[in-house]
Amino acid sequence: MHAVADADLSRFHGVAYLLGALAHASELNLGKSSLSICMLAGKKFGREAVEGTRQTDDLTEAVTLLGEALAKRGIVWHFEPFAGESAAPIEDRDGKKVMRLSFGTCMVRNALFRYAHEQKQSLCYMAHGVFAGAMEKIMPGRTVHLEILHAGPNGCLKEMIVEEGGQE
């Protein structure tokens with residue numbers, strides 16, 4: 001593990017503060033519509049971020065492929081399947097596949113804490129959009145949603161819900 005230079009850390013904190021301020025301002029000015037705007041912007045970025053990535057029908061493999069594709073773009077975002085007390089990380093629920101995911105390192109969470117702004121708002125929706133758009137590109141013919149089960153200072157627990165039928 002390499003040490004982060006003070007100048008780099010200071011620059012990151014400045015960007016994080018600006019990102020938090022912009023998100024807060026958009027929420028104040030646009031209200032709830034800021035959530036859908038950020039979700040759509042995130043989905044567009046997510047689809048582009050995994051362009052050229054191999055496609056699969058396997059949820060676990062798709063999560064791994066997404067992590068690798070983001071890493072190639074220099075995006076550090078740690079997430080992994082979370083089984084918890086369940087024996088299986090994937091369950092069938094009302095005809096949909098559901099996988100719990102643990103999200104560790106998250107620039108959005110870091111930005112929100114730097115600005116002292118709450119989670120589960122527009123920037124989280126943008127991150128959800130990135131994840132969903134990328135997963136839909138890797139798993140064509142499906143629609144992907146994320147639901148926050150827990151949002152905390154050290155990590156988030158989310159459910160990825162995958163339905164048949166969606167954008168090709």
# chains A, B, ... in the order shown; residues from 1 in each chain; ligands from 1
$ select_by_dssp --residues "range 76-167 of chain A" --states "strand (DSSP E)" --output "PyMOL selection string"
chain A and resi 79-81+90-93+96-103+142-151+156-164
$ closest_atom_pairs --of "range 124-168 of chain A" --to "range 21-45 of chain A" --cutoff "9 Å" --atoms "only C-alpha atoms" --output "JSON lines"
{"residue": "A:Cys124", "atom": "CA", "partner": "A:Met39", "partner_atom": "CA", "distance": 8.5}
{"residue": "A:Tyr125", "atom": "CA", "partner": "A:Met39", "partner_atom": "CA", "distance": 5.0}
{"residue": "A:Met126", "atom": "CA", "partner": "A:Gly42", "partner_atom": "CA", "distance": 4.6}
{"residue": "A:Ala127", "atom": "CA", "partner": "A:Gly42", "partner_atom": "CA", "distance": 6.2}
{"residue": "A:His128", "atom": "CA", "partner": "A:Met39", "partner_atom": "CA", "distance": 6.7}
{"residue": "A:Gly129", "atom": "CA", "partner": "A:Gly42", "partner_atom": "CA", "distance": 4.2}
{"residue": "A:Val130", "atom": "CA", "partner": "A:Gly42", "partner_atom": "CA", "distance": 4.2}
{"residue": "A:Phe131", "atom": "CA", "partner": "A:Lys43", "partner_atom": "CA", "distance": 7.3}
{"residue": "A:Ala132", "atom": "CA", "partner": "A:Lys43", "partner_atom": "CA", "distance": 6.3}
{"residue": "A:Gly133", "atom": "CA", "partner": "A:Lys43", "partner_atom": "CA", "distance": 4.1}
{"residue": "A:Ala134", "atom": "CA", "partner": "A:Lys43", "partner_atom": "CA", "distance": 7.1}
$ write_last_selection --atoms "N, CA and C atoms" --output "mmCIF file, in the first residue's frame"
data_model
loop_
_atom_site.group_PDB
_atom_site.id
_atom_site.type_symbol
_atom_site.label_atom_id
_atom_site.label_comp_id
_atom_site.auth_asym_id
_atom_site.auth_seq_id
_atom_site.Cartn_x
_atom_site.Cartn_y
_atom_site.Cartn_z
ATOM 1 N N CYS A 124 -25.989 9.290 -4.296
ATOM 2 C CA CYS A 124 -26.182 7.839 -4.156
ATOM 3 C C CYS A 124 -26.991 7.307 -5.341
ATOM 4 N N TYR A 125 -27.979 8.076 -5.780
ATOM 5 C CA TYR A 125 -28.760 7.662 -6.945
ATOM 6 C C TYR A 125 -27.887 7.623 -8.198
ATOM 7 N N MET A 126 -26.949 8.562 -8.306
ATOM 8 C CA MET A 126 -26.046 8.540 -9.453
ATOM 9 C C MET A 126 -25.181 7.282 -9.402
ATOM 10 N N ALA A 127 -24.668 6.955 -8.234
ATOM 11 C CA ALA A 127 -23.863 5.736 -8.087
ATOM 12 C C ALA A 127 -24.693 4.497 -8.410
ATOM 13 N N HIS A 128 -25.958 4.481 -7.971
ATOM 14 C CA HIS A 128 -26.847 3.366 -8.304
ATOM 15 C C HIS A 128 -27.009 3.266 -9.808
ATOM 16 N N GLY A 129 -27.166 4.408 -10.454
ATOM 17 C CA GLY A 129 -27.314 4.422 -11.904
ATOM 18 C C GLY A 129 -26.093 3.859 -12.599
ATOM 19 N N VAL A 130 -24.902 4.243 -12.133
ATOM 20 C CA VAL A 130 -23.663 3.719 -12.718
ATOM 21 C C VAL A 130 -23.650 2.199 -12.614
ATOM 22 N N PHE A 131 -23.943 1.702 -11.422
ATOM 23 C CA PHE A 131 -23.927 0.256 -11.191
ATOM 24 C C PHE A 131 -24.978 -0.438 -12.060
ATOM 25 N N ALA A 132 -26.207 0.069 -12.042
ATOM 26 C CA ALA A 132 -27.309 -0.560 -12.791
ATOM 27 C C ALA A 132 -27.058 -0.503 -14.294
ATOM 28 N N GLY A 133 -26.636 0.639 -14.800
ATOM 29 C CA GLY A 133 -26.373 0.768 -16.233
ATOM 30 C C GLY A 133 -25.283 -0.176 -16.704
ATOM 31 N N ALA A 134 -24.232 -0.302 -15.898
ATOM 32 C CA ALA A 134 -23.138 -1.204 -16.240
ATOM 33 C C ALA A 134 -23.594 -2.661 -16.203
#
$ select_by_dssp --residues "range 17-78 of chain A" --states "helix (DSSP H, G or I)" --output "compact mmCIF listing (two decimals) with N, CA and C atoms, in the first residue's frame"
# COMPACT_ATOMS: atom_id res chain seq x y z
N TYR A 17 -15.60 17.98 -1.47
CA TYR A 17 -16.43 19.05 -0.91
C TYR A 17 -17.27 19.70 -2.02
N LEU A 18 -16.65 19.96 -3.17
CA LEU A 18 -17.38 20.55 -4.30
C LEU A 18 -18.48 19.62 -4.78
N LEU A 19 -18.19 18.35 -4.88
CA LEU A 19 -19.19 17.37 -5.31
C LEU A 19 -20.38 17.34 -4.36
N GLY A 20 -20.11 17.36 -3.06
CA GLY A 20 -21.18 17.39 -2.07
C GLY A 20 -22.00 18.66 -2.16
N ALA A 21 -21.33 19.78 -2.36
CA ALA A 21 -22.03 21.07 -2.47
C ALA A 21 -22.92 21.11 -3.70
N LEU A 22 -22.42 20.60 -4.83
CA LEU A 22 -23.22 20.57 -6.06
C LEU A 22 -24.44 19.67 -5.91
N ALA A 23 -24.25 18.53 -5.28
CA ALA A 23 -25.38 17.62 -5.07
C ALA A 23 -26.42 18.27 -4.17
N HIS A 24 -25.98 18.91 -3.10
CA HIS A 24 -26.90 19.56 -2.17
C HIS A 24 -27.67 20.68 -2.88
N ALA A 25 -26.98 21.47 -3.67
CA ALA A 25 -27.64 22.56 -4.40
C ALA A 25 -28.66 22.03 -5.39
N SER A 26 -28.32 20.95 -6.09
CA SER A 26 -29.28 20.39 -7.06
C SER A 26 -30.52 19.87 -6.35
N GLU A 27 -30.34 19.27 -5.18
CA GLU A 27 -31.48 18.76 -4.42
C GLU A 27 -32.38 19.90 -3.95
N LEU A 28 -31.76 21.00 -3.51
CA LEU A 28 -32.54 22.16 -3.05
C LEU A 28 -33.31 22.81 -4.20
N ASN A 29 -32.67 22.90 -5.36
CA ASN A 29 -33.29 23.59 -6.50
C ASN A 29 -34.22 22.71 -7.31
N LEU A 30 -33.90 21.45 -7.44
CA LEU A 30 -34.69 20.57 -8.30
C LEU A 30 -35.63 19.66 -7.51
N SER A 33 -36.84 15.60 -8.29
CA SER A 33 -36.45 15.29 -9.66
C SER A 33 -34.93 15.14 -9.79
N SER A 34 -34.17 15.70 -8.85
CA SER A 34 -32.71 15.54 -8.89
C SER A 34 -32.33 14.07 -8.78
N LEU A 35 -33.14 13.27 -8.09
CA LEU A 35 -32.85 11.85 -7.94
C LEU A 35 -32.90 11.13 -9.28
N SER A 36 -33.96 11.37 -10.05
CA SER A 36 -34.08 10.68 -11.35
C SER A 36 -33.06 11.21 -12.36
N ILE A 37 -32.77 12.50 -12.30
CA ILE A 37 -31.76 13.08 -13.20
C ILE A 37 -30.41 12.43 -12.95
N CYS A 38 -30.04 12.31 -11.68
CA CYS A 38 -28.76 11.70 -11.33
C CYS A 38 -28.74 10.21 -11.68
N MET A 39 -29.85 9.52 -11.48
CA MET A 39 -29.93 8.10 -11.83
C MET A 39 -29.70 7.92 -13.33
N LEU A 40 -30.37 8.72 -14.14
CA LEU A 40 -30.21 8.60 -15.60
C LEU A 40 -28.80 8.93 -16.05
N ALA A 41 -28.20 9.96 -15.46
CA ALA A 41 -26.82 10.32 -15.81
C ALA A 41 -25.87 9.19 -15.43
N GLY A 42 -26.10 8.61 -14.26
CA GLY A 42 -25.27 7.49 -13.82
C GLY A 42 -25.40 6.29 -14.73
N LYS A 43 -26.64 5.98 -15.15
CA LYS A 43 -26.85 4.83 -16.04
C LYS A 43 -26.09 5.01 -17.35
N LYS A 44 -26.13 6.21 -17.90
CA LYS A 44 -25.41 6.48 -19.16
C LYS A 44 -23.91 6.26 -18.96
N PHE A 45 -23.37 6.80 -17.89
CA PHE A 45 -21.95 6.61 -17.61
C PHE A 45 -21.63 5.13 -17.39
N GLY A 46 -22.48 4.43 -16.65
CA GLY A 46 -22.25 3.02 -16.36
C GLY A 46 -22.19 2.17 -17.62
N ARG A 47 -23.11 2.43 -18.56
CA ARG A 47 -23.10 1.67 -19.81
C ARG A 47 -21.82 1.94 -20.59
N GLU A 48 -21.37 3.19 -20.60
CA GLU A 48 -20.15 3.54 -21.32
C GLU A 48 -18.90 3.00 -20.63
N ALA A 49 -18.94 2.93 -19.29
CA ALA A 49 -17.78 2.49 -18.52
C ALA A 49 -17.40 1.04 -18.78
N LEU A 59 -24.95 -13.86 -12.51
CA LEU A 59 -24.90 -12.65 -11.66
C LEU A 59 -23.56 -12.47 -10.97
N THR A 60 -23.04 -13.51 -10.37
CA THR A 60 -21.78 -13.40 -9.64
C THR A 60 -20.65 -13.02 -10.59
N GLU A 61 -20.60 -13.65 -11.75
CA GLU A 61 -19.58 -13.32 -12.74
C GLU A 61 -19.74 -11.89 -13.23
N ALA A 62 -20.98 -11.44 -13.41
CA ALA A 62 -21.23 -10.07 -13.87
C ALA A 62 -20.70 -9.05 -12.87
N VAL A 63 -20.89 -9.31 -11.57
CA VAL A 63 -20.38 -8.41 -10.54
C VAL A 63 -18.86 -8.34 -10.61
N THR A 64 -18.21 -9.49 -10.81
CA THR A 64 -16.75 -9.52 -10.94
C THR A 64 -16.30 -8.75 -12.18
N LEU A 65 -16.98 -8.99 -13.31
CA LEU A 65 -16.62 -8.28 -14.55
C LEU A 65 -16.77 -6.78 -14.40
N LEU A 66 -17.82 -6.34 -13.71
CA LEU A 66 -18.03 -4.90 -13.49
C LEU A 66 -16.88 -4.32 -12.67
N GLY A 67 -16.50 -4.98 -11.59
CA GLY A 67 -15.38 -4.50 -10.77
C GLY A 67 -14.10 -4.37 -11.57
N GLU A 68 -13.83 -5.36 -12.41
CA GLU A 68 -12.62 -5.33 -13.25
C GLU A 68 -12.67 -4.21 -14.27
N ALA A 69 -13.83 -4.00 -14.89
CA ALA A 69 -13.98 -2.95 -15.90
C ALA A 69 -13.79 -1.57 -15.27
N LEU A 70 -14.35 -1.35 -14.09
CA LEU A 70 -14.18 -0.06 -13.42
C LEU A 70 -12.73 0.15 -13.01
N ALA A 71 -12.07 -0.89 -12.52
CA ALA A 71 -10.67 -0.78 -12.13
C ALA A 71 -9.79 -0.37 -13.31
N LYS A 72 -10.09 -0.91 -14.50
CA LYS A 72 -9.33 -0.54 -15.70
C LYS A 72 -9.47 0.95 -16.01
$ closest_residue --among "A:Ala116, A:Leu123, A:Val98, A:Cys106" --to "His145 in chain A" --atoms "only C-alpha atoms"
A:Val98
$ closest_atom_pairs --of "range 35-126 of chain A" --to "range 146-155 of chain A" --cutoff "12 Å" --atoms "only C-alpha atoms" --output "JSON lines"
{"residue": "A:Met39", "atom": "CA", "partner": "A:Leu146", "partner_atom": "CA", "distance": 10.9}
{"residue": "A:Trp77", "atom": "CA", "partner": "A:Gly155", "partner_atom": "CA", "distance": 11.1}
{"residue": "A:His78", "atom": "CA", "partner": "A:Gly155", "partner_atom": "CA", "distance": 9.7}
{"residue": "A:Phe79", "atom": "CA", "partner": "A:Gly155", "partner_atom": "CA", "distance": 9.4}
{"residue": "A:Glu80", "atom": "CA", "partner": "A:Gly155", "partner_atom": "CA", "distance": 11.5}
{"residue": "A:Lys97", "atom": "CA", "partner": "A:Leu146", "partner_atom": "CA", "distance": 11.9}
{"residue": "A:Val98", "atom": "CA", "partner": "A:Leu146", "partner_atom": "CA", "distance": 9.7}
{"residue": "A:Met99", "atom": "CA", "partner": "A:Leu146", "partner_atom": "CA", "distance": 9.6}
{"residue": "A:Arg100", "atom": "CA", "partner": "A:Leu149", "partner_atom": "CA", "distance": 9.0}
{"residue": "A:Leu101", "atom": "CA", "partner": "A:Leu146", "partner_atom": "CA", "distance": 9.4}
{"residue": "A:Ser102", "atom": "CA", "partner": "A:Gly155", "partner_atom": "CA", "distance": 7.1}
{"residue": "A:Phe103", "atom": "CA", "partner": "A:Gly155", "partner_atom": "CA", "distance": 5.5}
{"residue": "A:Gly104", "atom": "CA", "partner": "A:Gly155", "partner_atom": "CA", "distance": 4.7}
{"residue": "A:Thr105", "atom": "CA", "partner": "A:Gly155", "partner_atom": "CA", "distance": 7.1}
{"residue": "A:Cys106", "atom": "CA", "partner": "A:Gly155", "partner_atom": "CA", "distance": 8.0}
{"residue": "A:Met107", "atom": "CA", "partner": "A:Gly155", "partner_atom": "CA", "distance": 11.3}
{"residue": "A:Val108", "atom": "CA", "partner": "A:Gly155", "partner_atom": "CA", "distance": 11.2}
{"residue": "A:Arg109", "atom": "CA", "partner": "A:Pro153", "partner_atom": "CA", "distance": 7.5}
{"residue": "A:Asn110", "atom": "CA", "partner": "A:Pro153", "partner_atom": "CA", "distance": 8.5}
{"residue": "A:Ala111", "atom": "CA", "partner": "A:Pro153", "partner_atom": "CA", "distance": 11.4}
{"residue": "A:Leu112", "atom": "CA", "partner": "A:Pro153", "partner_atom": "CA", "distance": 10.1}
{"residue": "A:Phe113", "atom": "CA", "partner": "A:Pro153", "partner_atom": "CA", "distance": 8.1}
{"residue": "A:Arg114", "atom": "CA", "partner": "A:Pro153", "partner_atom": "CA", "distance": 11.4}
{"residue": "A:Ala116", "atom": "CA", "partner": "A:Pro153", "partner_atom": "CA", "distance": 11.6}
{"residue": "A:Glu118", "atom": "CA", "partner": "A:Ala151", "partner_atom": "CA", "distance": 9.8}
{"residue": "A:Gln119", "atom": "CA", "partner": "A:Ala151", "partner_atom": "CA", "distance": 7.0}
{"residue": "A:Lys120", "atom": "CA", "partner": "A:Ala151", "partner_atom": "CA", "distance": 7.6}
{"residue": "A:Gln121", "atom": "CA", "partner": "A:Ile148", "partner_atom": "CA", "distance": 11.1}
{"residue": "A:Cys124", "atom": "CA", "partner": "A:Ile148", "partner_atom": "CA", "distance": 9.4}
{"residue": "A:Tyr125", "atom": "CA", "partner": "A:Leu146", "partner_atom": "CA", "distance": 9.1}
{"residue": "A:Met126", "atom": "CA", "partner": "A:Leu146", "partner_atom": "CA", "distance": 11.2}
$ closest_residue --among "A:Lys158, A:Lys96, A:Asp6, A:Glu163" --to "Phe82 in chain A" --atoms "only C-alpha atoms"
A:Lys158
$ closest_residue --among "A:Val50, A:Val144, A:Ala7, A:Val15" --to "Ile75 in chain A" --atoms "only C-alpha atoms"
A:Val50
$ atom_distance --atom1 "CA of Pro81 in chain A" --atom2 "CA of Ser122 in chain A"
24.0 Å
$ residues_around --residues "Gln55 in chain A" --least-positions-apart "2" --cutoff "10 Å" --atoms "only C-alpha atoms" --output "short mmCIF file (atom, residue, chain, number, x, y, z; two decimals) with C-alpha atoms, in the first residue's frame"
data_model
loop_
_atom_site.label_atom_id
_atom_site.label_comp_id
_atom_site.auth_asym_id
_atom_site.auth_seq_id
_atom_site.Cartn_x
_atom_site.Cartn_y
_atom_site.Cartn_z
CA VAL A 50 -18.08 -1.19 -19.39
CA GLY A 52 -16.22 -3.83 -24.61
CA THR A 53 -16.61 -5.92 -21.44
CA ASP A 57 -25.94 -14.37 -17.73
CA ASP A 58 -24.30 -15.27 -14.40
CA GLU A 61 -19.58 -13.32 -12.74
CA ALA A 62 -21.23 -10.07 -13.87
CA LEU A 65 -16.62 -8.28 -14.55
CA MET A 135 -24.82 -4.40 -15.05
CA GLU A 136 -27.53 -4.04 -17.71
CA LYS A 137 -24.81 -3.72 -20.35
CA ILE A 138 -22.97 -6.79 -19.03
CA MET A 139 -26.23 -8.76 -18.66
CA PRO A 140 -28.31 -7.72 -21.70
#
$ atom_distance --atom1 "CA of Ala83 in chain A" --atom2 "CA of Gly95 in chain A"
19.5 Å
